[in-house]
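J.: Pasting final_34.cif here (mmCIF, C-alpha atoms):
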```cif
data_run
#
loop_
_atom_site.label_atom_id
_atom_site.label_comp_id
_atom_site.auth_asym_id
_atom_site.auth_seq_id
_atom_site.Cartn_x
_atom_site.Cartn_y
_atom_site.Cartn_z
CA MET A 1 100.55 169.82 107.35
CA ILE A 2 97.20 171.42 106.56
CA LEU A 3 93.90 169.64 105.97
CA GLY A 4 91.28 171.78 104.28
CA TRP A 5 89.51 172.92 101.14
CA VAL A 6 90.89 174.83 98.18
CA ARG A 7 89.56 178.35 97.80
CA SER A 8 91.64 179.31 94.77
CA VAL A 9 94.22 177.84 92.38
CA ARG A 10 96.77 179.99 90.53
CA SER A 11 99.22 178.08 88.39
CA GLN A 12 102.27 179.94 87.08
CA LYS A 13 105.42 178.85 85.31
CA LYS A 14 107.64 178.96 88.38
CA ALA A 15 105.17 178.24 91.16
CA LEU A 16 101.73 176.90 92.01
CA PHE A 17 99.73 179.04 94.45
CA LEU A 18 96.81 177.67 96.46
CA ASP A 19 94.57 179.32 99.02
CA VAL A 20 93.47 176.62 101.48
CA ASN A 21 90.94 177.08 104.27
CA ASP A 22 90.37 174.64 107.16
CA GLY A 23 87.24 176.33 108.52
CA SER A 24 88.89 177.74 111.65
CA SER A 25 89.05 181.28 110.26
CA LEU A 26 87.74 183.40 107.43
CA ARG A 27 91.30 183.86 106.22
CA SER A 28 92.93 181.16 104.14
CA LEU A 29 96.54 179.99 104.20
CA GLN A 30 98.57 180.52 101.05
CA VAL A 31 100.36 177.41 99.85
CA VAL A 32 103.32 177.70 97.48
CA ALA A 33 104.25 174.54 95.56
CA ASP A 34 106.29 173.40 92.62
CA PRO A 35 104.25 173.52 89.36
CA GLY A 36 104.95 169.81 88.98
CA LEU A 37 102.58 169.16 91.90
CA ALA A 38 99.65 170.61 89.95
CA HIS A 39 96.94 168.12 89.05
CA ARG A 40 93.68 168.39 87.12
CA ARG A 41 91.83 167.17 90.26
CA LEU A 42 93.18 170.19 92.16
CA THR A 43 90.24 172.57 91.73
CA PHE A 44 88.21 175.13 93.67
CA GLY A 45 86.33 173.31 96.43
CA SER A 46 88.43 170.15 96.45
CA ALA A 47 89.57 168.71 99.79
CA VAL A 48 93.33 168.46 100.19
CA GLU A 49 96.04 167.23 102.51
CA ILE A 50 99.24 169.24 102.09
CA SER A 51 102.61 168.65 103.74
CA GLY A 52 105.46 171.12 103.89
CA SER A 53 107.16 173.76 106.02
CA LEU A 54 105.70 176.99 107.37
CA GLU A 55 107.81 179.94 106.22
CA LYS A 56 107.73 183.69 106.66
CA SER A 57 105.87 185.30 103.76
CA LEU A 58 107.09 188.27 101.75
CA HIS A 59 103.50 189.23 100.93
CA GLU A 60 102.28 192.24 102.93
CA LYS A 61 98.81 190.77 103.55
CA GLN A 62 100.04 187.61 105.29
CA ASN A 63 102.69 186.73 107.82
CA VAL A 64 103.38 183.13 106.83
CA GLU A 65 102.88 180.70 103.96
CA LEU A 66 103.25 176.96 103.53
CA GLN A 67 106.05 175.78 101.24
CA ALA A 68 104.54 172.51 100.05
CA THR A 69 106.47 169.31 99.47
CA GLU A 70 103.43 167.09 98.88
CA VAL A 71 99.88 167.84 97.72
CA LEU A 72 97.26 165.10 98.00
CA VAL A 73 93.69 165.55 96.73
CA VAL A 74 91.48 163.75 99.24
CA GLY A 75 88.12 164.68 97.72
CA GLU A 76 87.43 165.97 94.23
CA CYS A 77 85.08 168.86 93.42
CA ASP A 78 83.76 169.39 89.89
CA PRO A 79 83.89 173.19 89.44
CA LEU A 80 81.32 173.06 86.64
CA ASN A 81 78.63 171.43 88.78
CA PHE A 82 79.60 173.06 92.09
CA PRO A 83 76.95 175.78 92.67
CA PHE A 84 79.37 178.29 94.18
CA LYS A 85 81.97 179.86 91.93
CA VAL A 86 85.37 181.21 92.85
CA LYS A 87 85.55 185.01 93.29
CA GLU A 88 81.75 185.38 92.98
CA ARG A 89 79.72 186.88 95.82
CA HIS A 90 76.47 184.94 95.97
CA GLY A 91 73.34 186.50 97.43
CA LEU A 92 71.53 184.96 100.40
CA GLU A 93 68.51 183.95 98.33
CA TYR A 94 70.76 181.99 95.98
CA ILE A 95 72.69 180.36 98.84
CA ARG A 96 69.45 179.24 100.53
CA GLN A 97 68.77 176.95 97.57
CA PHE A 98 71.66 174.74 98.74
CA PRO A 99 71.24 174.21 102.51
CA HIS A 100 73.49 171.14 102.40
CA LEU A 101 76.38 173.09 100.85
CA ARG A 102 75.98 176.62 102.21
CA CYS A 103 78.42 176.04 105.11
CA LYS A 104 81.14 176.16 102.44
CA THR A 105 80.44 179.84 101.73
CA ASN A 106 82.10 182.71 103.60
CA THR A 107 78.73 184.07 104.68
CA PHE A 108 77.61 180.94 106.50
CA SER A 109 80.99 179.78 107.76
CA SER A 110 81.46 183.20 109.37
CA LEU A 111 78.00 183.02 110.90
CA LEU A 112 78.68 179.58 112.38
CA ARG A 113 82.00 180.69 113.87
CA VAL A 114 80.34 183.72 115.46
CA ARG A 115 77.56 181.55 116.88
CA SER A 116 80.12 179.11 118.27
CA ALA A 117 82.06 181.92 119.96
CA ALA A 118 78.85 183.43 121.34
CA THR A 119 77.68 180.07 122.72
CA SER A 120 81.01 179.49 124.44
CA ALA A 121 80.99 183.01 125.91
CA ILE A 122 77.44 182.64 127.24
CA HIS A 123 78.15 179.35 129.00
CA SER A 124 81.42 180.74 130.39
CA PHE A 125 79.69 183.83 131.76
CA PHE A 126 77.05 181.85 133.61
CA LYS A 127 79.55 179.30 134.94
CA GLU A 128 81.89 182.02 136.21
CA ASN A 129 78.98 183.73 137.96
CA GLY A 130 77.69 180.67 139.78
CA PHE A 131 74.65 179.82 137.65
CA VAL A 132 73.42 176.23 137.40
CA HIS A 133 72.68 175.05 133.84
CA ILE A 134 69.18 173.55 133.59
CA HIS A 135 67.98 171.48 130.62
CA THR A 136 64.34 172.52 130.34
CA PRO A 137 61.90 170.28 128.41
CA ILE A 138 61.46 170.70 124.67
CA ILE A 139 58.07 168.98 124.71
CA THR A 140 55.91 170.58 127.40
CA SER A 141 52.32 171.09 128.50
CA ASN A 142 53.07 174.71 129.45
CA ASP A 143 52.63 177.28 126.69
CA CYS A 144 54.17 180.14 128.74
CA GLU A 145 51.35 182.57 127.99
CA GLY A 146 52.47 185.61 126.06
CA ALA A 147 55.67 184.12 124.65
CA GLY A 148 54.37 183.37 121.14
CA GLU A 149 52.33 181.09 118.91
CA ILE A 150 52.80 177.38 119.64
CA PHE A 151 53.36 174.13 117.74
CA HIS A 152 51.12 171.31 118.96
CA VAL A 153 52.73 167.87 119.31
CA GLU A 154 50.59 164.91 118.27
CA HIS A 155 51.39 161.23 117.86
CA GLU A 156 51.07 160.20 114.21
CA GLY A 157 48.23 157.78 113.73
CA ARG A 158 47.04 157.94 117.34
CA GLY A 159 43.62 159.14 116.27
CA ASN A 160 43.20 156.02 114.10
CA LYS A 161 43.44 153.61 117.05
CA GLY A 162 39.98 154.39 118.31
CA ASP A 163 41.19 155.51 121.74
CA GLN A 164 38.55 158.13 122.36
CA ASP A 165 39.02 158.07 126.14
CA GLU A 166 42.66 159.16 125.89
CA PRO A 167 43.10 161.38 122.81
CA TYR A 168 46.50 162.75 123.91
CA PHE A 169 49.80 160.87 123.97
CA PHE A 170 50.82 162.57 127.25
CA SER A 171 47.25 162.62 128.66
CA VAL A 172 47.24 166.41 128.20
CA PRO A 173 47.86 168.70 125.20
CA ALA A 174 51.58 169.02 124.49
CA PHE A 175 53.57 171.68 122.64
CA LEU A 176 57.08 172.41 121.43
CA THR A 177 58.48 174.85 123.95
CA VAL A 178 58.24 178.58 123.30
CA SER A 179 60.14 179.37 126.49
CA GLY A 180 61.76 177.56 129.39
CA GLN A 181 60.97 180.36 131.80
CA LEU A 182 58.28 178.63 133.88
CA HIS A 183 60.48 175.57 134.34
CA LEU A 184 63.35 177.83 135.41
CA GLU A 185 61.11 179.48 137.97
CA VAL A 186 60.52 176.05 139.48
CA MET A 187 64.29 175.56 139.75
CA ALA A 188 64.72 179.05 141.21
CA GLY A 189 62.94 177.69 144.28
CA ALA A 190 65.99 175.54 145.05
CA PHE A 191 68.93 177.29 143.34
CA PRO A 192 69.79 181.00 143.61
CA CYS A 193 70.85 181.36 139.94
CA VAL A 194 69.81 179.16 137.02
CA TYR A 195 69.83 179.40 133.24
CA THR A 196 68.93 177.44 130.15
CA PHE A 197 70.17 177.67 126.57
CA GLY A 198 68.34 175.57 124.02
CA PRO A 199 65.98 175.33 121.05
CA THR A 200 62.76 177.32 121.08
CA PHE A 201 59.86 177.13 118.63
CA ARG A 202 57.36 179.77 117.50
CA ALA A 203 54.53 178.98 115.06
CA GLU A 204 54.58 182.44 113.53
CA ASN A 205 53.69 182.22 109.86
CA SER A 206 56.05 184.84 108.53
CA GLN A 207 58.81 184.85 105.96
CA SER A 208 60.46 187.99 107.33
CA ARG A 209 63.83 188.03 109.08
CA ARG A 210 62.07 189.21 112.24
CA HIS A 211 60.40 185.84 112.80
CA LEU A 212 61.91 182.38 113.10
CA ALA A 213 60.10 179.10 113.56
CA GLU A 214 63.10 177.66 115.44
CA PHE A 215 65.96 179.37 117.26
CA TYR A 216 68.17 179.02 120.32
CA MET A 217 67.35 181.22 123.30
CA VAL A 218 69.16 182.07 126.52
CA GLU A 219 67.01 182.45 129.64
CA ALA A 220 67.97 183.00 133.27
CA GLU A 221 66.24 183.23 136.64
CA ILE A 222 67.76 184.77 139.77
CA SER A 223 66.39 184.32 143.27
CA PHE A 224 66.55 186.83 146.14
CA ILE A 225 66.46 189.76 143.71
CA ARG A 226 64.20 192.72 144.41
CA SER A 227 64.98 195.44 141.86
CA LEU A 228 65.12 195.81 138.11
CA GLU A 229 68.48 197.50 138.48
CA ASP A 230 69.99 194.29 139.88
CA LEU A 231 68.53 192.33 136.96
CA MET A 232 69.80 194.89 134.45
CA VAL A 233 73.35 194.55 135.78
CA VAL A 234 73.36 190.83 134.94
CA MET A 235 71.85 191.45 131.50
CA GLU A 236 74.40 194.16 130.73
CA ASN A 237 77.35 192.08 131.92
CA LEU A 238 76.23 189.09 129.84
CA PHE A 239 75.87 191.29 126.77
CA LYS A 240 79.32 192.84 127.29
CA ALA A 241 81.08 189.54 127.98
CA THR A 242 79.58 187.87 124.90
CA THR A 243 80.27 190.84 122.62
CA GLU A 244 83.86 191.14 123.80
CA ARG A 245 84.50 187.44 123.15
CA ILE A 246 83.02 187.60 119.64
CA LEU A 247 85.01 190.70 118.70
CA ALA A 248 88.21 189.14 120.06
CA GLU A 249 87.79 185.73 118.41
CA CYS A 250 85.97 186.57 115.17
CA PRO A 251 87.10 190.04 114.01
CA HIS A 252 87.28 189.12 110.32
CA ASP A 253 83.90 187.38 110.39
CA ILE A 254 82.30 190.46 111.97
CA GLU A 255 83.99 192.70 109.41
CA LEU A 256 82.58 190.56 106.59
CA TYR A 257 79.03 190.98 107.91
CA HIS A 258 79.39 194.70 108.48
CA LYS A 259 80.78 195.17 104.99
CA HIS A 260 78.71 192.82 102.84
CA VAL A 261 75.74 191.32 104.64
CA ALA A 262 74.40 194.50 106.34
CA PRO A 263 72.78 193.51 109.66
CA GLY A 264 69.49 195.37 109.57
CA HIS A 265 67.72 192.83 111.84
CA ARG A 266 65.15 194.70 113.92
CA TRP A 267 62.22 193.47 115.93
CA GLY A 268 60.23 194.45 119.00
CA ASN A 269 57.45 193.27 121.23
CA ASP A 270 55.43 196.24 122.42
CA LEU A 271 57.36 199.13 120.91
CA GLN A 272 57.17 199.35 117.14
CA THR A 273 60.39 199.11 115.14
CA GLU A 274 60.46 202.84 114.45
CA HIS A 275 60.10 203.56 118.17
CA GLU A 276 63.02 201.30 119.04
CA ASN A 277 65.15 202.89 116.34
CA TYR A 278 64.33 206.36 117.59
CA LEU A 279 65.19 205.53 121.21
CA VAL A 280 68.53 203.95 120.31
CA LYS A 281 69.44 206.81 117.97
CA HIS A 282 68.28 209.47 120.45
CA CYS A 283 70.59 207.99 123.11
CA GLY A 284 73.64 208.09 120.84
CA ASN A 285 73.41 204.70 119.11
CA VAL A 286 74.33 202.78 122.25
CA PRO A 287 72.49 199.94 124.03
CA VAL A 288 69.42 201.25 125.89
CA PHE A 289 67.31 199.78 128.70
CA VAL A 290 63.55 200.38 128.58
CA ILE A 291 61.84 199.64 131.91
CA ASN A 292 58.41 199.53 133.57
CA TYR A 293 56.01 198.58 130.78
CA PRO A 294 52.23 199.08 130.98
CA TYR A 295 50.53 196.33 132.99
CA GLU A 296 48.32 195.04 130.18
CA LEU A 297 51.20 194.60 127.74
CA LYS A 298 53.10 191.99 129.72
CA PRO A 299 52.28 188.38 130.74
CA PHE A 300 50.76 187.35 134.07
CA TYR A 301 54.09 186.55 135.74
CA ALA A 302 55.49 190.12 135.54
CA ARG A 303 55.51 191.83 138.95
CA ASP A 304 52.86 194.51 139.43
CA ASN A 305 54.43 197.86 140.38
CA SER A 306 51.09 199.02 141.89
CA ASP A 307 51.81 202.55 140.66
CA GLN A 308 48.38 203.79 139.64
CA PRO A 309 47.34 205.64 137.59
CA GLU A 310 50.16 204.55 135.26
CA HIS A 311 49.91 200.91 136.44
CA THR A 312 53.09 199.32 135.18
CA VAL A 313 54.98 196.09 135.75
CA ALA A 314 58.65 195.63 136.61
CA ALA A 315 59.73 194.58 133.12
CA VAL A 316 62.78 195.55 131.09
CA ASP A 317 63.98 195.26 127.49
CA LEU A 318 67.50 195.86 126.23
CA LEU A 319 67.55 197.57 122.82
CA VAL A 320 70.76 197.61 120.79
CA PRO A 321 71.74 199.43 117.57
CA GLY A 322 70.96 197.59 114.35
CA ILE A 323 68.88 194.91 116.07
CA GLY A 324 66.22 196.28 118.40
CA GLU A 325 65.23 194.12 121.37
CA LEU A 326 68.04 191.76 122.36
CA PHE A 327 66.95 190.82 125.91
CA GLY A 328 63.60 190.95 127.65
CA GLY A 329 63.10 190.32 131.34
CA SER A 330 61.10 191.10 134.45
CA LEU A 331 60.80 190.66 138.16
CA ARG A 332 58.35 187.79 138.74
CA GLU A 333 55.18 188.22 140.76
CA GLU A 334 55.99 186.43 144.02
CA ARG A 335 52.91 187.70 145.93
CA GLN A 336 50.46 184.83 145.81
CA GLU A 337 47.20 186.75 146.08
CA MET A 338 48.12 189.27 143.40
CA LEU A 339 49.21 186.45 141.11
CA ARG A 340 46.02 184.51 141.80
CA ALA A 341 43.88 187.57 141.04
CA ARG A 342 45.57 188.16 137.70
CA LEU A 343 45.31 184.51 136.67
CA ALA A 344 41.64 184.52 137.66
CA ARG A 345 40.95 187.61 135.51
CA ALA A 346 42.57 185.85 132.56
CA GLY A 347 40.70 182.59 133.19
CA MET A 348 43.96 180.66 133.74
CA GLU A 349 43.85 179.90 137.46
CA ASP A 350 43.14 176.18 137.00
CA ALA A 351 45.80 175.70 134.33
CA TYR A 352 48.46 177.38 136.44
CA GLN A 353 47.51 176.05 139.88
CA TRP A 354 50.96 174.42 140.07
CA TYR A 355 52.55 177.81 139.42
CA LEU A 356 50.57 179.32 142.29
CA GLU A 357 51.71 176.52 144.58
CA LEU A 358 55.32 177.54 144.03
CA ARG A 359 54.50 180.65 146.08
CA GLN A 360 53.45 178.54 149.07
CA PHE A 361 56.63 176.57 149.70
CA GLY A 362 59.70 178.71 150.37
CA SER A 363 59.16 181.17 147.53
CA VAL A 364 61.52 184.14 147.30
CA PRO A 365 61.56 187.36 145.25
CA HIS A 366 63.09 186.51 141.89
CA GLY A 367 63.43 187.69 138.32
CA GLY A 368 64.84 186.62 135.01
CA PHE A 369 65.44 187.41 131.37
CA GLY A 370 65.83 185.78 127.98
#
```
Kindly transcribe the structure held in the file into structure tokens.

T.:
Amino acid sequence: MILGWVRSVRSQKKALFLDVNDGSSLRSLQVVADPGLAHRRLTFGSAVEISGSLEKSLHEKQNVELQATEVLVVGECDPLNFPFKVKERHGLEYIRQFPHLRCKTNTFSSLLRVRSAATSAIHSFFKENGFVHIHTPIITSNDCEGAGEIFHVEHEGRGNKGDQDEPYFFSVPAFLTVSGQLHLEVMAGAFPCVYTFGPTFRAENSQSRRHLAEFYMVEAEISFIRSLEDLMVVMENLFKATTERILAECPHDIELYHKHVAPGHRWGNDLQTEHENYLVKHCGNVPVFVINYPYELKPFYARDNSDQPEHTVAAVDLLVPGIGELFGGSLREERQEMLRARLARAGMEDAYQWYLELRQFGSVPHGGFG
């Protein structure tokens, strides 16, 4: 038996052919039935329940087919009103008009399968390597300076209650998280390896594909680590493990995107897009690590290399072909006085006094990425 949705209907004198997809793969299963089982409700997009026997197929493009004995239409679909048409390739701008139906298209169903495989691979990698999964707050008072523009969280109608002494719901300004890094650093004081994987929000007013208001981000912190090379090994292994899983589980979905969607997603923090492209191309179109960024370009928590006159910090980005920056990370500044001095220069010492205190109670050299 197969439960799924009809992708095509071809009725002939001697046989009825259906392509049915259950969402588990880009490829559909061909169903062969007696023409007498055809019904006017059996249309493109309709939900069906089909019973029969799985037989070897004579068609060169498929190994098996379902010889149907019973075809039941569970949910009708009016092909005239359905916005997606059989055998038509709809552009992304058109598909975006129907967010409630777009998961029915090949483009979005492939994307969701790839994301599912990537999510599973990421969690498996961290579990197999002894990381503890931490659920960092979504609503936070920490804006993680340097991570991006923030969304402020306010209680609707609170300002109308006349409570001038306590204008904030949480007693302090609150934001949707732009990064869980600072919370992970707290946990890195008790666990050697931690990570988080959850929603992140950036109030960047842009309609380009390089900016998203909401996305899921992976971040990790590792204690007792003293070199960028050690951090880069973890980043590289995570990238390889995730890529290998996606290619193994979703080959047809990846092929669809390479052939029809054209990746072309590129972004960067400090290097411009053309610089990232040049570096990746110059190195043979393979993933490239860029390390030791100028001191003033990175946030306060990046470890000072004290390498005047260049004056860099121990930060690293992983650039990959067709995308640009995939990971960004750094060793964290564990030396209390150097951290205090940098916070003082930025006028943030009071706001991050708690962060300074982490260096007083069993702090260790650590680093992380996201």

J.: Go through the shown structure with the PyMOL selection byres ((chain A and resi 351-355) around 10) and write out the matching residues as a PDB file with C-alpha atoms, in the frame of the given file.

T.:
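The resulting expr-v4.pdb:
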```pdb
ATOM      1  CA  SER A 141      52.320 171.090 128.500  1.00  0.00           C
ATOM      2  CA  ASN A 142      53.070 174.710 129.450  1.00  0.00           C
ATOM      3  CA  CYS A 144      54.170 180.140 128.740  1.00  0.00           C
ATOM      4  CA  LEU A 182      58.280 178.630 133.880  1.00  0.00           C
ATOM      5  CA  HIS A 183      60.480 175.570 134.340  1.00  0.00           C
ATOM      6  CA  GLU A 185      61.110 179.480 137.970  1.00  0.00           C
ATOM      7  CA  VAL A 186      60.520 176.050 139.480  1.00  0.00           C
ATOM      8  CA  TYR A 301      54.090 186.550 135.740  1.00  0.00           C
ATOM      9  CA  GLN A 336      50.460 184.830 145.810  1.00  0.00           C
ATOM     10  CA  LEU A 339      49.210 186.450 141.110  1.00  0.00           C
ATOM     11  CA  ARG A 340      46.020 184.510 141.800  1.00  0.00           C
ATOM     12  CA  LEU A 343      45.310 184.510 136.670  1.00  0.00           C
ATOM     13  CA  ALA A 344      41.640 184.520 137.660  1.00  0.00           C
ATOM     14  CA  GLY A 347      40.700 182.590 133.190  1.00  0.00           C
ATOM     15  CA  MET A 348      43.960 180.660 133.740  1.00  0.00           C
ATOM     16  CA  GLU A 349      43.850 179.900 137.460  1.00  0.00           C
ATOM     17  CA  ASP A 350      43.140 176.180 137.000  1.00  0.00           C
ATOM     18  CA  LEU A 356      50.570 179.320 142.290  1.00  0.00           C
ATOM     19  CA  GLU A 357      51.710 176.520 144.580  1.00  0.00           C
ATOM     20  CA  LEU A 358      55.320 177.540 144.030  1.00  0.00           C
ATOM     21  CA  ARG A 359      54.500 180.650 146.080  1.00  0.00           C
ATOM     22  CA  GLN A 360      53.450 178.540 149.070  1.00  0.00           C
TER      23      GLN A 360
END
```

J.: One number please: atom CA of Asp19 of chain A to atom CA of Ala118 of chain A, in Å, one decimal.

T.: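 Going from atom CA of Asp19 of chain A over to atom CA of Ala118 of chain A, I get 27.6 Å.
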
J.: Can you work out which one of A:Phe151, A:Tyr295, A:Phe239, A:Phe170 has the shortest atom-to-atom distance to Val313 of chain A, counting all atoms listed in the file?

T.: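 Of all the options, A:Tyr295 lies closest to Val313 of chain A.
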
J.: Any chance you could work out the residue set of the PyMOL selection byres ((chain A and resi 236) around 12) here, as a PyMOL selection string?

T.: chain A and resi 125+228-235+237-243+287-289+316-320+326-329+369

J.: Just to confirm, what's the straight-line distance from atom CA of Ala188 of chain A to atom CA of Phe169 of chain A in Å (one decimal)?

T.: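 According to the coordinates, atom CA of Ala188 of chain A and atom CA of Phe169 of chain A are separated by 29.2 Å.
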
J.: Around the point (81.0, 189.6, 107.8) (coordinates from the file), which residues reach within 10 Å if we count all atoms listed in the file? Answer as a short mmCIF file (atom, residue, chain, number, x, y, z; two decimals) with C-alpha atoms, keeping the file's coordinate frame.

T.:
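Output below, filename part.cif:
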```
data_model
loop_
_atom_site.label_atom_id
_atom_site.label_comp_id
_atom_site.auth_asym_id
_atom_site.auth_seq_id
_atom_site.Cartn_x
_atom_site.Cartn_y
_atom_site.Cartn_z
CA LEU A 26 87.74 183.40 107.43
CA ASN A 106 82.10 182.71 103.60
CA THR A 107 78.73 184.07 104.68
CA PHE A 108 77.61 180.94 106.50
CA SER A 109 80.99 179.78 107.76
CA SER A 110 81.46 183.20 109.37
CA LEU A 111 78.00 183.02 110.90
CA VAL A 114 80.34 183.72 115.46
CA CYS A 250 85.97 186.57 115.17
CA PRO A 251 87.10 190.04 114.01
CA HIS A 252 87.28 189.12 110.32
CA ASP A 253 83.90 187.38 110.39
CA ILE A 254 82.30 190.46 111.97
CA GLU A 255 83.99 192.70 109.41
CA LEU A 256 82.58 190.56 106.59
CA TYR A 257 79.03 190.98 107.91
CA HIS A 258 79.39 194.70 108.48
CA LYS A 259 80.78 195.17 104.99
CA HIS A 260 78.71 192.82 102.84
CA VAL A 261 75.74 191.32 104.64
CA ALA A 262 74.40 194.50 106.34
CA PRO A 263 72.78 193.51 109.66
#
```

J.: Go through A:Pro79, A:Gly23, A:Gly36, A:Gly130 and flag the residue nearest Thr105 of chain A, using only C-alpha atoms for the distances.

T.: A:Gly23
